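Enquirer: For reference, the structure I am asking about is given below.
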Amino acid sequence: MRGLGSPPDSQRDAGATIGSRRYNTSMYHYDPKTALEELSEDAKLPNPVHVRDMMLRKHLSADKSLELNRLFLEYQKFFGEAQKLGKEILRQLAG
């Protein structure tokens with residue numbers, strides 16, 4: 001039984017199947033290919049915590065790990081800066 005204002009079952013189910021891959025956050029951040037695909041589709045950068053998880057799960061060589069860690073530190077820095085700028089823009093737009 002659905003409540004008032006709820007979409008009909010057919011619409012609710014369709015939305016779940018269409019968006020399940022895109023909005024299923026329980027596994028996407030462990031798959032770099034999916035994260036890269038979503039970046040191309042939605043222009044969203046994965047959270048640095050998820051990027052770190054991907055790096056740790058990859059079992060990289062020492063050289064590759066050092067190289068990616070250097071890039072990751074830059075990514076983390078610029079990700080934080082972009083968040084600050086985005087928040088400031090949104091604050092000014094909202095206020």
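Note on naming: chains are A, B, ... as they come in the structure tokens, residues start from 1 per chain, ligands start from 1 in the order shown.
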May I have the residues within 12 Å of segment 80-93 of chain A as a PDB file with N, CA and C atoms, in the first residue's frame, using only C-alpha atoms and disregarding those fewer than 3 positions away in the same chain?
Expert:
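See part-v4.pdb below for the written result:
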ATOM      1  N   LYS A  44      31.333  14.368 -11.794  1.00  0.00           N
ATOM      2  CA  LYS A  44      31.505  14.365 -10.346  1.00  0.00           C
ATOM      3  C   LYS A  44      32.821  13.672 -10.017  1.00  0.00           C
ATOM      4  N   LEU A  45      33.587  14.290  -9.167  1.00  0.00           N
ATOM      5  CA  LEU A  45      34.829  13.670  -8.739  1.00  0.00           C
ATOM      6  C   LEU A  45      34.557  12.768  -7.544  1.00  0.00           C
ATOM      7  N   PRO A  46      35.159  11.575  -7.521  1.00  0.00           N
ATOM      8  CA  PRO A  46      34.962  10.710  -6.352  1.00  0.00           C
ATOM      9  C   PRO A  46      35.632  11.314  -5.119  1.00  0.00           C
ATOM     10  N   ASN A  47      35.021  11.095  -3.993  1.00  0.00           N
ATOM     11  CA  ASN A  47      35.554  11.563  -2.727  1.00  0.00           C
ATOM     12  C   ASN A  47      36.959  10.988  -2.527  1.00  0.00           C
ATOM     13  N   PRO A  48      37.900  11.784  -2.013  1.00  0.00           N
ATOM     14  CA  PRO A  48      39.259  11.270  -1.791  1.00  0.00           C
ATOM     15  C   PRO A  48      39.305  10.003  -0.928  1.00  0.00           C
ATOM     16  N   VAL A  49      38.382   9.861   0.000  1.00  0.00           N
ATOM     17  CA  VAL A  49      38.348   8.648   0.819  1.00  0.00           C
ATOM     18  C   VAL A  49      38.118   7.427  -0.067  1.00  0.00           C
ATOM     19  N   LEU A  73      47.822  13.039  -3.203  1.00  0.00           N
ATOM     20  CA  LEU A  73      47.936  14.183  -2.300  1.00  0.00           C
ATOM     21  C   LEU A  73      47.535  15.477  -3.003  1.00  0.00           C
ATOM     22  N   GLU A  74      47.920  15.622  -4.264  1.00  0.00           N
ATOM     23  CA  GLU A  74      47.502  16.787  -5.052  1.00  0.00           C
ATOM     24  C   GLU A  74      45.988  16.774  -5.251  1.00  0.00           C
ATOM     25  N   TYR A  75      45.453  15.595  -5.588  1.00  0.00           N
ATOM     26  CA  TYR A  75      44.010  15.435  -5.788  1.00  0.00           C
ATOM     27  C   TYR A  75      43.257  15.843  -4.529  1.00  0.00           C
ATOM     28  N   GLN A  76      43.717  15.342  -3.397  1.00  0.00           N
ATOM     29  CA  GLN A  76      43.063  15.631  -2.120  1.00  0.00           C
ATOM     30  C   GLN A  76      43.079  17.134  -1.825  1.00  0.00           C
ATOM     31  N   LYS A  77      44.213  17.770  -2.073  1.00  0.00           N
ATOM     32  CA  LYS A  77      44.344  19.214  -1.824  1.00  0.00           C
ATOM     33  C   LYS A  77      43.372  20.003  -2.707  1.00  0.00           C
TER      34      LYS A  77
END
